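Text of start.csv, listed as CSV, C-alpha atoms:
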```
chain,number,residue,atom,x,y,z
A,1,MET,CA,-23.8,8.8,-40.3
A,2,ALA,CA,-23.7,12.4,-39.3
A,3,ASP,CA,-20.8,11.9,-36.8
A,4,ARG,CA,-18.5,10.4,-39.5
A,5,LYS,CA,-15.6,12.4,-40.8
A,6,ARG,CA,-16.2,11.4,-44.4
A,7,PRO,CA,-18.7,9.2,-46.3
A,8,ALA,CA,-16.9,5.9,-46.5
A,9,ALA,CA,-16.3,4.5,-49.9
A,10,THR,CA,-17.6,1.1,-50.8
A,11,SER,CA,-14.4,-0.6,-52.0
A,12,LEU,CA,-14.1,-2.0,-55.5
A,13,LEU,CA,-13.2,-5.4,-54.1
A,14,GLU,CA,-16.4,-5.4,-52.1
A,15,TRP,CA,-18.5,-4.9,-55.3
A,16,LEU,CA,-16.5,-7.6,-57.0
A,17,MET,CA,-17.0,-10.1,-54.3
A,18,ALA,CA,-20.7,-9.2,-54.1
A,19,ALA,CA,-21.0,-9.8,-57.8
A,20,VAL,CA,-19.3,-13.2,-57.5
A,21,GLY,CA,-21.5,-14.1,-54.6
A,22,ALA,CA,-24.6,-13.0,-56.4
A,23,LEU,CA,-23.6,-15.1,-59.4
A,24,VAL,CA,-22.8,-18.2,-57.2
A,25,ALA,CA,-26.1,-17.7,-55.3
A,26,LEU,CA,-28.2,-17.3,-58.4
A,27,GLY,CA,-26.5,-20.3,-60.0
A,28,LEU,CA,-26.8,-22.6,-57.0
A,29,LEU,CA,-30.3,-21.6,-56.0
A,30,GLY,CA,-31.5,-21.4,-59.6
A,31,PHE,CA,-30.5,-25.0,-60.1
A,32,ILE,CA,-32.1,-26.1,-56.9
A,33,GLY,CA,-35.2,-24.1,-57.7
A,34,TRP,CA,-35.3,-25.7,-61.1
A,35,GLU,CA,-35.1,-29.1,-59.5
A,36,ALA,CA,-37.9,-28.1,-57.1
A,37,ALA,CA,-40.1,-26.8,-59.9
A,38,THR,CA,-39.7,-29.9,-62.0
A,39,GLY,CA,-40.3,-32.2,-59.0
A,40,ALA,CA,-37.0,-34.0,-59.6
A,41,ASN,CA,-36.9,-35.6,-56.2
A,42,GLU,CA,-40.3,-37.2,-56.3
A,43,GLY,CA,-41.6,-40.5,-57.6
A,44,PRO,CA,-40.2,-44.0,-57.1
A,45,SER,CA,-36.5,-44.8,-57.4
A,46,VAL,CA,-35.5,-46.9,-60.4
A,47,LEU,CA,-32.5,-49.1,-59.3
A,48,VAL,CA,-30.5,-51.5,-61.5
A,49,ALA,CA,-27.8,-53.9,-60.3
A,50,GLN,CA,-25.1,-55.3,-62.5
A,51,THR,CA,-22.2,-57.6,-61.9
A,52,GLU,CA,-19.0,-55.8,-62.8
A,53,ARG,CA,-16.2,-58.1,-61.8
A,54,LEU,CA,-15.6,-61.5,-60.2
A,55,VAL,CA,-12.5,-61.8,-58.0
A,56,PRO,CA,-11.2,-64.8,-56.0
A,57,ALA,CA,-10.9,-63.6,-52.4
A,58,GLY,CA,-9.8,-65.7,-49.4
A,59,ASP,CA,-11.6,-69.0,-49.4
A,60,GLY,CA,-14.3,-67.8,-51.8
A,61,PHE,CA,-15.1,-65.3,-54.4
A,62,VAL,CA,-16.3,-61.7,-54.4
A,63,ALA,CA,-18.7,-60.4,-57.0
A,64,GLU,CA,-18.3,-56.7,-57.4
A,65,VAL,CA,-21.8,-55.3,-58.2
A,66,GLY,CA,-22.6,-51.8,-59.3
A,67,VAL,CA,-26.0,-50.4,-58.5
A,68,ARG,CA,-27.3,-47.4,-60.5
A,69,ASN,CA,-30.1,-45.1,-59.6
A,70,LEU,CA,-31.8,-44.3,-63.0
A,71,SER,CA,-34.3,-41.9,-61.4
A,72,ASP,CA,-33.9,-38.5,-59.8
A,73,SER,CA,-35.2,-39.8,-56.4
A,74,THR,CA,-32.7,-40.8,-53.7
A,75,ALA,CA,-33.1,-44.3,-52.4
A,76,ALA,CA,-32.1,-45.4,-48.8
A,77,ALA,CA,-31.3,-48.8,-47.4
A,78,VAL,CA,-31.1,-50.4,-50.8
A,79,GLN,CA,-31.1,-54.2,-50.6
A,80,VAL,CA,-29.2,-56.1,-53.2
A,81,GLU,CA,-29.3,-59.9,-53.6
A,82,GLY,CA,-27.1,-62.1,-55.6
A,83,ALA,CA,-27.9,-65.8,-56.3
A,84,LEU,CA,-25.8,-68.5,-57.9
A,85,LYS,CA,-28.2,-70.5,-60.0
A,86,GLN,CA,-28.1,-74.1,-61.1
A,87,GLY,CA,-31.0,-74.3,-63.5
A,88,ASP,CA,-33.9,-72.6,-61.6
A,89,VAL,CA,-32.5,-73.5,-58.2
A,90,ALA,CA,-30.4,-71.0,-56.2
A,91,VAL,CA,-27.4,-72.9,-54.7
A,92,GLU,CA,-26.1,-69.9,-52.8
A,93,THR,CA,-27.4,-66.4,-52.1
A,94,SER,CA,-25.8,-63.3,-50.6
A,95,ARG,CA,-27.2,-60.0,-49.6
A,96,ALA,CA,-25.9,-56.5,-49.0
A,97,THR,CA,-27.5,-53.2,-48.0
A,98,ILE,CA,-26.5,-49.8,-49.3
A,99,ASP,CA,-27.1,-46.8,-47.1
A,100,TYR,CA,-28.0,-44.3,-49.8
A,101,ILE,CA,-27.9,-44.0,-53.6
A,102,PRO,CA,-28.6,-40.4,-54.6
A,103,GLY,CA,-30.7,-39.7,-57.7
A,104,ARG,CA,-28.7,-40.4,-60.9
A,105,GLY,CA,-25.9,-41.7,-58.7
A,106,ASP,CA,-24.2,-45.1,-58.3
A,107,ARG,CA,-22.6,-47.2,-55.6
A,108,LYS,CA,-20.5,-50.3,-55.6
A,109,ILE,CA,-20.9,-53.3,-53.3
A,110,GLY,CA,-19.3,-56.7,-52.9
A,111,LEU,CA,-21.2,-60.0,-52.6
A,112,LEU,CA,-19.3,-62.9,-51.1
A,113,PHE,CA,-19.7,-66.5,-52.3
A,114,THR,CA,-18.0,-69.8,-51.4
A,115,ARG,CA,-18.7,-71.3,-54.8
A,116,ASP,CA,-17.2,-70.0,-58.0
A,117,PRO,CA,-19.6,-67.7,-59.8
A,118,ALA,CA,-17.8,-68.6,-63.0
A,119,THR,CA,-19.4,-72.1,-62.9
A,120,PHE,CA,-22.8,-71.1,-61.7
A,121,PRO,CA,-24.5,-68.2,-63.5
A,122,LEU,CA,-24.9,-65.3,-61.0
A,123,GLU,CA,-28.1,-63.3,-60.9
A,124,VAL,CA,-28.1,-59.9,-59.1
A,125,ARG,CA,-31.1,-57.8,-58.4
A,126,VAL,CA,-32.3,-55.0,-56.1
A,127,THR,CA,-35.0,-56.4,-53.9
A,128,GLY,CA,-36.1,-53.3,-52.1
A,129,TYR,CA,-35.3,-49.8,-50.7
A,130,GLN,CA,-36.6,-47.2,-48.3
A,131,GLU,CA,-37.7,-43.7,-49.0
A,132,PRO,CA,-35.3,-41.4,-47.1
B,1,MET,CA,-10.6,7.0,-40.3
B,2,SER,CA,-8.7,10.2,-41.0
B,3,THR,CA,-6.8,9.2,-44.1
B,4,SER,CA,-7.4,11.4,-47.1
B,5,THR,CA,-10.2,10.6,-49.6
B,6,VAL,CA,-7.7,10.3,-52.4
B,7,ARG,CA,-6.1,7.2,-50.8
B,8,GLY,CA,-9.5,6.2,-49.4
B,9,ILE,CA,-10.3,3.5,-52.0
B,10,GLY,CA,-7.0,1.7,-51.6
B,11,ARG,CA,-7.4,1.6,-47.8
B,12,GLU,CA,-10.9,0.4,-48.1
B,13,ASP,CA,-9.7,-2.3,-50.4
B,14,ARG,CA,-7.0,-3.5,-48.1
B,15,LEU,CA,-9.3,-3.5,-45.1
B,16,TYR,CA,-11.9,-5.4,-47.1
B,17,ALA,CA,-9.3,-8.0,-48.1
B,18,VAL,CA,-8.4,-8.6,-44.5
B,19,GLY,CA,-12.0,-8.9,-43.7
B,20,LEU,CA,-12.4,-11.4,-46.5
B,21,ALA,CA,-9.5,-13.5,-45.3
B,22,ARG,CA,-11.0,-13.6,-41.9
B,23,ALA,CA,-14.3,-14.6,-43.4
B,24,PHE,CA,-12.7,-17.6,-45.1
B,25,ALA,CA,-11.2,-18.7,-41.7
B,26,GLY,CA,-14.5,-18.1,-40.0
B,27,ALA,CA,-16.4,-20.2,-42.6
B,28,VAL,CA,-14.1,-23.2,-42.2
B,29,ILE,CA,-13.8,-22.9,-38.4
B,30,PHE,CA,-17.6,-22.7,-37.9
B,31,SER,CA,-18.6,-25.3,-40.4
B,32,LEU,CA,-15.9,-27.9,-40.1
B,33,PRO,CA,-17.8,-30.0,-37.5
B,34,LEU,CA,-20.7,-30.0,-39.9
B,35,LEU,CA,-18.6,-30.6,-43.0
B,36,MET,CA,-17.5,-33.8,-41.3
B,37,THR,CA,-21.0,-34.9,-40.3
B,38,MET,CA,-22.4,-37.6,-42.6
B,39,GLU,CA,-26.0,-36.6,-42.1
B,40,MET,CA,-25.1,-33.2,-43.6
B,41,TRP,CA,-23.8,-35.0,-46.7
B,42,TRP,CA,-27.0,-37.0,-47.0
B,43,PHE,CA,-29.2,-34.0,-46.7
B,44,GLY,CA,-27.4,-32.8,-49.8
B,45,PHE,CA,-29.1,-35.3,-52.0
B,46,TYR,CA,-32.2,-36.3,-50.2
B,47,LEU,CA,-33.5,-33.1,-48.7
B,48,ASP,CA,-36.6,-31.8,-50.3
B,49,ARG,CA,-35.6,-29.2,-52.8
B,50,ILE,CA,-38.3,-26.7,-51.9
B,51,ARG,CA,-37.2,-26.9,-48.2
B,52,LEU,CA,-33.6,-26.5,-49.2
B,53,LEU,CA,-34.5,-23.4,-51.3
B,54,VAL,CA,-36.5,-21.9,-48.4
B,55,PHE,CA,-33.7,-22.6,-46.0
B,56,ALA,CA,-31.1,-20.9,-48.3
B,57,LEU,CA,-33.3,-17.8,-48.7
B,58,ALA,CA,-34.0,-17.6,-45.0
B,59,ASN,CA,-30.3,-17.9,-44.5
B,60,PHE,CA,-29.7,-14.9,-46.8
B,61,VAL,CA,-32.1,-12.8,-44.7
B,62,VAL,CA,-30.2,-13.7,-41.6
B,63,LEU,CA,-26.9,-12.9,-43.3
B,64,VAL,CA,-28.1,-9.4,-44.1
B,65,GLY,CA,-29.1,-8.9,-40.4
B,66,LEU,CA,-25.9,-10.4,-39.2
B,67,SER,CA,-23.9,-8.0,-41.4
B,68,ARG,CA,-25.8,-5.2,-39.6
B,69,VAL,CA,-24.9,-6.4,-36.1
B,70,ALA,CA,-21.6,-8.1,-36.7
B,71,GLY,CA,-20.4,-8.1,-40.3
B,72,PHE,CA,-17.0,-9.2,-41.4
B,73,GLN,CA,-16.2,-5.6,-42.2
B,74,GLU,CA,-17.7,-2.3,-41.4
B,75,THR,CA,-20.9,-1.5,-43.3
B,76,HIS,CA,-22.5,1.9,-43.6
B,77,SER,CA,-25.7,1.2,-45.5
B,78,ARG,CA,-28.3,-1.4,-46.1
B,79,LEU,CA,-26.9,-1.8,-49.6
B,80,GLU,CA,-23.5,-2.7,-48.2
B,81,ASP,CA,-25.1,-5.3,-45.9
B,82,VAL,CA,-26.7,-6.9,-48.9
B,83,LEU,CA,-23.4,-6.8,-50.8
B,84,ASP,CA,-21.6,-8.4,-47.8
B,85,ALA,CA,-24.2,-11.1,-47.5
B,86,PHE,CA,-23.5,-12.1,-51.1
B,87,ALA,CA,-19.8,-12.0,-50.5
B,88,ALA,CA,-20.1,-14.2,-47.4
B,89,TYR,CA,-22.2,-16.6,-49.5
B,90,ALA,CA,-19.5,-16.7,-52.1
B,91,VAL,CA,-16.8,-17.3,-49.5
B,92,ALA,CA,-19.0,-20.1,-47.9
B,93,VAL,CA,-19.6,-21.9,-51.2
B,94,VAL,CA,-15.9,-21.8,-52.1
B,95,ALA,CA,-14.8,-22.9,-48.6
B,96,SER,CA,-17.4,-25.7,-48.4
B,97,ALA,CA,-16.7,-27.0,-51.9
B,98,ALA,CA,-13.0,-27.0,-51.2
B,99,VAL,CA,-13.3,-29.0,-47.9
B,100,LEU,CA,-15.9,-31.4,-49.4
B,101,LEU,CA,-13.6,-32.1,-52.3
B,102,LEU,CA,-10.6,-32.5,-49.9
B,103,ILE,CA,-12.4,-35.1,-47.8
B,104,GLY,CA,-13.8,-36.9,-50.8
B,105,VAL,CA,-17.4,-36.3,-50.1
B,106,VAL,CA,-17.7,-34.4,-53.4
B,107,GLU,CA,-16.0,-36.0,-56.4
B,108,PHE,CA,-15.9,-35.4,-60.1
B,109,GLY,CA,-18.4,-37.5,-61.9
B,110,MET,CA,-21.1,-37.2,-59.2
B,111,PRO,CA,-24.5,-36.1,-60.4
B,112,ALA,CA,-24.9,-32.3,-60.4
B,113,SER,CA,-27.9,-32.5,-58.1
B,114,GLU,CA,-25.8,-34.3,-55.4
B,115,VAL,CA,-22.9,-31.9,-55.6
B,116,THR,CA,-25.1,-28.7,-55.6
B,117,GLY,CA,-27.2,-30.1,-52.8
B,118,LYS,CA,-24.2,-30.9,-50.6
B,119,ILE,CA,-22.6,-27.5,-51.1
B,120,ALA,CA,-25.9,-25.6,-50.6
B,121,VAL,CA,-26.5,-27.3,-47.3
B,122,GLN,CA,-23.0,-26.7,-46.0
B,123,ALA,CA,-23.0,-23.1,-47.3
B,124,VAL,CA,-25.6,-22.2,-44.6
B,125,PRO,CA,-23.4,-22.7,-41.5
B,126,ALA,CA,-20.3,-21.7,-43.5
B,127,SER,CA,-21.7,-18.3,-44.5
B,128,PHE,CA,-22.8,-17.8,-41.0
B,129,GLY,CA,-19.2,-18.4,-39.9
B,130,ALA,CA,-17.9,-16.1,-42.6
B,131,MET,CA,-20.2,-13.3,-41.5
B,132,ILE,CA,-19.4,-13.4,-37.8
B,133,ALA,CA,-15.6,-14.0,-38.4
B,134,ASN,CA,-14.6,-10.5,-37.7
B,135,LYS,CA,-16.4,-10.5,-34.4
B,136,THR,CA,-15.0,-13.9,-33.3
B,137,LEU,CA,-11.5,-13.6,-34.9
B,138,GLY,CA,-10.7,-10.0,-35.4
B,139,GLN,CA,-10.0,-7.2,-32.9
B,140,ALA,CA,-13.6,-6.0,-32.6
B,141,GLU,CA,-13.8,-2.3,-33.1
B,142,GLU,CA,-17.4,-1.6,-32.4
B,143,GLU,CA,-19.1,0.8,-34.7
B,144,LYS,CA,-21.6,3.3,-33.4
B,145,GLY,CA,-24.3,2.4,-35.8
B,146,THR,CA,-23.9,-1.3,-35.1
B,147,GLU,CA,-24.0,-0.7,-31.4
B,148,ARG,CA,-27.1,1.4,-31.7
B,149,TRP,CA,-29.0,-1.3,-33.5
B,150,ARG,CA,-27.7,-4.0,-31.2
B,151,GLY,CA,-29.1,-2.0,-28.3
B,152,THR,CA,-32.6,-1.8,-29.6
B,153,TYR,CA,-35.3,-4.4,-28.6
B,154,ARG,CA,-35.6,-5.6,-32.2
B,155,GLY,CA,-31.8,-5.9,-32.5
B,156,GLN,CA,-31.8,-7.9,-29.3
B,157,LEU,CA,-34.4,-10.2,-30.5
B,158,PHE,CA,-32.5,-10.7,-33.8
B,159,LEU,CA,-29.4,-11.5,-31.9
B,160,MET,CA,-31.2,-14.1,-29.9
B,161,LEU,CA,-32.6,-15.6,-33.2
B,162,ALA,CA,-29.1,-15.7,-34.7
B,163,GLY,CA,-27.6,-17.2,-31.5
B,164,ALA,CA,-30.3,-19.9,-31.4
B,165,LEU,CA,-29.7,-20.8,-35.0
B,166,PHE,CA,-25.9,-20.8,-34.4
B,167,LEU,CA,-26.0,-23.4,-31.7
B,168,SER,CA,-29.0,-25.5,-32.6
B,169,PHE,CA,-27.8,-25.9,-36.2
B,170,ASN,CA,-24.7,-27.6,-34.8
B,171,VAL,CA,-26.7,-30.5,-33.3
B,172,ALA,CA,-29.8,-30.5,-35.4
B,173,PRO,CA,-28.6,-32.5,-38.4
B,174,THR,CA,-27.6,-35.6,-36.4
B,175,GLU,CA,-29.9,-38.5,-36.0
B,176,GLU,CA,-29.3,-38.4,-32.3
B,177,MET,CA,-31.8,-35.6,-32.1
B,178,VAL,CA,-34.6,-37.9,-33.1
B,179,LEU,CA,-33.2,-40.7,-30.9
B,180,ILE,CA,-33.0,-38.5,-27.8
B,181,ALA,CA,-36.6,-37.4,-28.4
B,182,TYR,CA,-37.7,-41.1,-28.7
B,183,ARG,CA,-35.9,-42.0,-25.4
B,184,MET,CA,-37.3,-39.2,-23.4
B,185,THR,CA,-40.5,-39.5,-21.3
B,186,PRO,CA,-43.0,-36.5,-21.2
B,187,TRP,CA,-41.5,-35.7,-17.8
B,188,HIS,CA,-38.1,-35.4,-19.3
B,189,GLY,CA,-39.6,-33.0,-21.9
B,190,VAL,CA,-41.2,-30.8,-19.2
B,191,ALA,CA,-38.0,-30.7,-17.3
B,192,MET,CA,-36.1,-29.8,-20.4
B,193,VAL,CA,-38.4,-26.9,-21.3
B,194,LEU,CA,-38.3,-25.5,-17.8
B,195,LEU,CA,-34.5,-25.8,-17.6
B,196,SER,CA,-34.1,-24.1,-21.0
B,197,ILE,CA,-36.2,-21.2,-19.9
B,198,LEU,CA,-34.4,-21.0,-16.6
B,199,LEU,CA,-30.9,-21.1,-18.3
B,200,LEU,CA,-32.0,-18.5,-20.8
B,201,ASP,CA,-33.1,-16.2,-18.0
B,202,LEU,CA,-30.1,-16.8,-15.9
B,203,LEU,CA,-27.7,-16.2,-18.7
B,204,VAL,CA,-29.5,-13.2,-20.0
B,205,TYR,CA,-29.2,-11.8,-16.5
B,206,ALA,CA,-25.7,-13.0,-15.7
B,207,VAL,CA,-24.1,-12.1,-19.0
B,208,GLY,CA,-26.0,-8.9,-19.2
B,209,PHE,CA,-27.4,-9.8,-22.6
B,210,SER,CA,-30.4,-7.5,-22.1
B,211,GLY,CA,-28.0,-4.6,-22.2
B,212,GLN,CA,-29.0,-3.5,-18.7
B,213,LYS,CA,-26.6,-3.5,-15.8
B,214,GLU,CA,-29.1,-5.1,-13.5
B,215,ARG,CA,-32.6,-6.4,-13.6
B,216,GLY,CA,-33.6,-3.2,-11.8
B,217,ALA,CA,-35.5,-0.9,-14.1
B,218,GLY,CA,-38.3,-3.1,-15.5
B,219,GLY,CA,-38.3,-5.6,-12.6
B,220,PHE,CA,-38.2,-9.3,-12.7
B,221,VAL,CA,-41.5,-9.9,-14.5
B,222,ALA,CA,-40.8,-7.4,-17.2
B,223,VAL,CA,-37.4,-8.9,-18.1
B,224,LEU,CA,-38.9,-12.4,-17.9
B,225,MET,CA,-41.7,-11.4,-20.3
B,226,HIS,CA,-39.7,-9.2,-22.6
B,227,TYR,CA,-36.5,-11.1,-23.0
B,228,THR,CA,-36.7,-14.6,-21.6
B,229,LEU,CA,-40.1,-15.7,-22.8
B,230,ALA,CA,-39.9,-13.7,-26.0
B,231,GLY,CA,-36.5,-15.3,-26.5
B,232,TYR,CA,-37.8,-18.8,-25.8
B,233,ALA,CA,-40.6,-18.2,-28.4
B,234,ILE,CA,-38.0,-17.3,-31.0
B,235,VAL,CA,-35.9,-20.3,-30.0
B,236,VAL,CA,-38.9,-22.6,-30.4
B,237,ALA,CA,-39.7,-21.1,-33.8
B,238,VAL,CA,-36.1,-21.5,-35.0
B,239,SER,CA,-36.1,-25.1,-33.7
B,240,LEU,CA,-39.3,-26.0,-35.5
B,241,PHE,CA,-38.0,-24.3,-38.7
B,242,VAL,CA,-34.7,-26.3,-38.6
B,243,LEU,CA,-36.6,-29.6,-37.9
B,244,TRP,CA,-39.0,-28.9,-40.7
B,245,THR,CA,-36.1,-28.1,-43.1
B,246,PHE,CA,-34.3,-31.3,-42.3
B,247,GLY,CA,-37.5,-33.3,-42.8
B,248,ARG,CA,-37.7,-34.4,-39.2
B,249,THR,CA,-41.3,-33.3,-38.8
B,250,GLN,CA,-42.4,-35.4,-41.8
B,251,GLY,CA,-44.5,-38.4,-40.7
B,252,ALA,CA,-43.9,-37.6,-37.0
B,253,GLY,CA,-46.9,-37.2,-34.6
B,254,LEU,CA,-47.5,-34.0,-32.7
B,255,PRO,CA,-46.1,-35.4,-29.4
B,256,GLN,CA,-43.0,-36.5,-31.2
B,257,ILE,CA,-42.5,-33.1,-32.8
B,258,ALA,CA,-43.1,-31.4,-29.5
B,259,MET,CA,-40.4,-33.5,-27.9
B,260,MET,CA,-37.9,-32.8,-30.7
B,261,VAL,CA,-38.6,-29.1,-30.4
B,262,ALA,CA,-38.0,-29.3,-26.6
B,263,VAL,CA,-34.7,-31.1,-27.2
B,264,LEU,CA,-33.5,-28.8,-29.9
B,265,ALA,CA,-34.6,-25.7,-28.0
B,266,PHE,CA,-32.2,-26.6,-25.2
B,267,PRO,CA,-29.0,-25.8,-27.1
B,268,GLY,CA,-31.0,-23.1,-28.9
B,269,SER,CA,-31.8,-21.3,-25.6
B,270,ILE,CA,-28.2,-21.3,-24.6
B,271,GLY,CA,-27.2,-20.0,-28.0
B,272,ALA,CA,-29.8,-17.3,-27.8
B,273,ALA,CA,-28.6,-16.3,-24.3
B,274,ILE,CA,-24.9,-16.1,-25.2
B,275,ALA,CA,-25.5,-14.6,-28.6
B,276,ARG,CA,-23.9,-11.4,-27.7
B,277,LEU,CA,-20.6,-13.2,-27.0
B,278,VAL,CA,-20.4,-15.1,-30.3
B,279,VAL,CA,-22.2,-12.8,-32.7
```

Can you turn what I pasted into structure tokens?
Amino acid sequence: MADRKRPAATSLLEWLMAAVGALVALGLLGFIGWEAATGANEGPSVLVAQTERLVPAGDGFVAEVGVRNLSDSTAAAVQVEGALKQGDVAVETSRATIDYIPGRGDRKIGLLFTRDPATFPLEVRVTGYQEP
Amino acid sequence: MSTSTVRGIGREDRLYAVGLARAFAGAVIFSLPLLMTMEMWWFGFYLDRIRLLVFALANFVVLVGLSRVAGFQETHSRLEDVLDAFAAYAVAVVASAAVLLLIGVVEFGMPASEVTGKIAVQAVPASFGAMIANKTLGQAEEEKGTERWRGTYRGQLFLMLAGALFLSFNVAPTEEMVLIAYRMTPWHGVAMVLLSILLLDLLVYAVGFSGQKERGAGGFVAVLMHYTLAGYAIVVAVSLFVLWTFGRTQGAGLPQIAMMVAVLAFPGSIGAAIARLVV
């Protein structure tokens, strides 16, 4: 410091950016800290599957299914099964796996059937998942 | 340096703005490979929040240190280093959010937890890139104070830590890290550790990282102990910390953890050895 010609001024812009940064850091880390404190990411995942649309596709039909995670915990390798029912008997089943569904998030999948889901009632459900 | 104090503020502002623009470029350049790595997106929502918080705070400490050895603009006091760490963080968050939005990884309507998590994870390498941008992109005009601290033993050790973090963070998030550790036999592990130490030593010597022209002064054993082995210890600690943060140590046995550390310490060692070139 002694060998400098003048004490360097801290520029106004520098203070401004630092203030923005402090605000962003506090906001972001505050939110994550709050999540950590409330244990948001713990506990089992609550997953609900619901048929959203039935579309004829190629030789068969696609049932578009939305899967929602109602909990704060992320679920991995979520397995979804859809069955076309005739009474109590499943005449056709299809499965799909979803890589990840974040807490409070949702993902869409397609289940393919050869029979028309309009004539057989379609039942979709989540059969299992993995903790990430 | 010799402009009058009256115009001083304006000049400082302009210089700072240039540094800031470089910081943005550095943030994107350094973090782009990680912004386009899907494991990094997944960490955003499934990473344990306490670990994420610890990681972000540790990152901040490293940022302050980086500002001291290679900030995106000249700093003259500890306060300015802290200010610049915040600024680099702001740049990193904005740059990460913009790119994540651009590539559709962050979308409107996503849960807040997912969005903040994804940005917070990416902000770590991005802020690192922002902070060292001037060194890697700018015409580096070394400051005396910086040089002095870089030259001290503590400064050297910090540089090695930063370098290890720099390179190991680039490979640590991928699942290949775990896969490689699974595939390796203990003999592979032993070879990897020995090679890492050897490379660290050779590069320290060849690149002159230790700041000495030749091994001379302290002799072979002294350099080995003071720089190579001390450096490798830092690299191992950094590797373990990164693995812990990413949840790789969870549910893994001690042999498995040791193997993963050996694997991650390989790029870490090279990063530590060449730290002076990149940071």

I'd like to know which of A:Ala96, A:Leu47, A:Leu23, A:Pro132 is closest to Glu81 in chain A, using all atoms listed in the file.
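Checking each of A:Ala96, A:Leu47, A:Leu23, A:Pro132 against Glu81 in chain A, counting all atoms listed in the file, the winner is A:Ala96.
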
Give me, as a Markdown table, each residue of chain B that comes within 8 Å of chain A, together with its shortest interatomic pair and the distance in Å at one decimal, counting only C-alpha atoms, with rows ordered by chain and rising residue number.
```
| residue | atom | partner | partner_atom | distance |
| --- | --- | --- | --- | --- |
| B:Met1 | CA | A:Lys5 | CA | 7.4 |
| B:Ser2 | CA | A:Lys5 | CA | 7.2 |
| B:Thr5 | CA | A:Arg6 | CA | 8.0 |
| B:Gly8 | CA | A:Ala9 | CA | 7.0 |
| B:Ile9 | CA | A:Ser11 | CA | 5.8 |
| B:Gly10 | CA | A:Ser11 | CA | 7.8 |
| B:Glu12 | CA | A:Ser11 | CA | 5.3 |
| B:Asp13 | CA | A:Ser11 | CA | 5.2 |
| B:Tyr16 | CA | A:Glu14 | CA | 6.7 |
| B:Ala17 | CA | A:Leu13 | CA | 7.6 |
| B:Trp42 | CA | A:Tyr100 | CA | 7.9 |
| B:Phe45 | CA | A:Pro102 | CA | 5.7 |
| B:Tyr46 | CA | A:Thr74 | CA | 5.7 |
| B:Asp48 | CA | A:Asn41 | CA | 7.0 |
| B:Arg49 | CA | A:Ala36 | CA | 5.0 |
| B:Ile50 | CA | A:Ala36 | CA | 5.4 |
| B:Leu52 | CA | A:Ile32 | CA | 7.9 |
| B:Leu53 | CA | A:Gly33 | CA | 6.5 |
| B:Ala56 | CA | A:Leu29 | CA | 7.8 |
| B:His76 | CA | A:Ala8 | CA | 7.5 |
| B:Glu80 | CA | A:Thr10 | CA | 7.5 |
| B:Leu83 | CA | A:Ala18 | CA | 4.9 |
| B:Asp84 | CA | A:Ala18 | CA | 6.4 |
| B:Ala85 | CA | A:Ala18 | CA | 7.7 |
| B:Phe86 | CA | A:Gly21 | CA | 4.5 |
| B:Ala87 | CA | A:Ala18 | CA | 4.6 |
| B:Ala88 | CA | A:Gly21 | CA | 7.3 |
| B:Tyr89 | CA | A:Gly21 | CA | 5.7 |
| B:Ala90 | CA | A:Gly21 | CA | 4.1 |
| B:Val91 | CA | A:Gly21 | CA | 7.6 |
| B:Val93 | CA | A:Val24 | CA | 7.7 |
| B:Met110 | CA | A:Gly105 | CA | 6.6 |
| B:Pro111 | CA | A:Gly105 | CA | 6.0 |
| B:Ser113 | CA | A:Gly103 | CA | 7.7 |
| B:Glu114 | CA | A:Pro102 | CA | 6.8 |
| B:Thr116 | CA | A:Leu28 | CA | 6.5 |
| B:Gly117 | CA | A:Ile32 | CA | 7.5 |
| B:Ala120 | CA | A:Leu28 | CA | 7.1 |
| B:Gly145 | CA | A:Met1 | CA | 7.8 |
```

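You will find CA of Val55 in chain A at 26.7 Å from CA of Phe108 in chain B.
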
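Put simply, CA of Ala57 in chain A is 16.5 Å away from CA of Glu92 in chain A.
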
Within 12 Å of range 192-203 of chain B, which residues of range 87-172 of chain B come that close, and what is the closest atom pair and distance in Å for each? Count all atoms listed in the file and give it as CSV.
```
residue,atom,partner,partner_atom,distance
B:Met160,CA,B:Leu200,CA,10.1
B:Gly163,CA,B:Leu200,CA,11.6
B:Ala164,CA,B:Leu200,CA,10.8
```

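Between CA of Ala181 in chain B and CA of Phe166 in chain B lies a distance of 20.6 Å.
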
Residues within 8 Å of range 242-257 of chain B, please, as a compact mmCIF listing (two decimals) with C-alpha atoms, in the coordinates of the input. Count all atoms listed in the file; anything in the same chain fewer than 2 positions from it doesn't count.
```txt
# COMPACT_ATOMS: atom_id res chain seq x y z
CA PHE B 43 -29.20 -34.00 -46.70
CA LEU B 47 -33.50 -33.10 -48.70
CA ASP B 48 -36.60 -31.80 -50.30
CA ARG B 51 -37.20 -26.90 -48.20
CA LEU B 52 -33.60 -26.50 -49.20
CA PHE B 55 -33.70 -22.60 -46.00
CA PHE B 169 -27.80 -25.90 -36.20
CA ALA B 172 -29.80 -30.50 -35.40
CA PRO B 173 -28.60 -32.50 -38.40
CA VAL B 178 -34.60 -37.90 -33.10
CA ALA B 181 -36.60 -37.40 -28.40
CA TYR B 182 -37.70 -41.10 -28.70
CA VAL B 238 -36.10 -21.50 -35.00
CA SER B 239 -36.10 -25.10 -33.70
CA LEU B 240 -39.30 -26.00 -35.50
CA MET B 259 -40.40 -33.50 -27.90
CA MET B 260 -37.90 -32.80 -30.70
CA VAL B 261 -38.60 -29.10 -30.40
```

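Within 7 Å of range 108-120 of chain A there are Asp59, Gly60, Phe61, Val62, Ala63, Glu64, Val65, Gly66, Val67, Gly82, Leu84, Lys85, Gln86, Ser94, Arg95 and Ala96 of chain A, counting only C-alpha atoms and ignoring same-chain residues fewer than 3 positions away.
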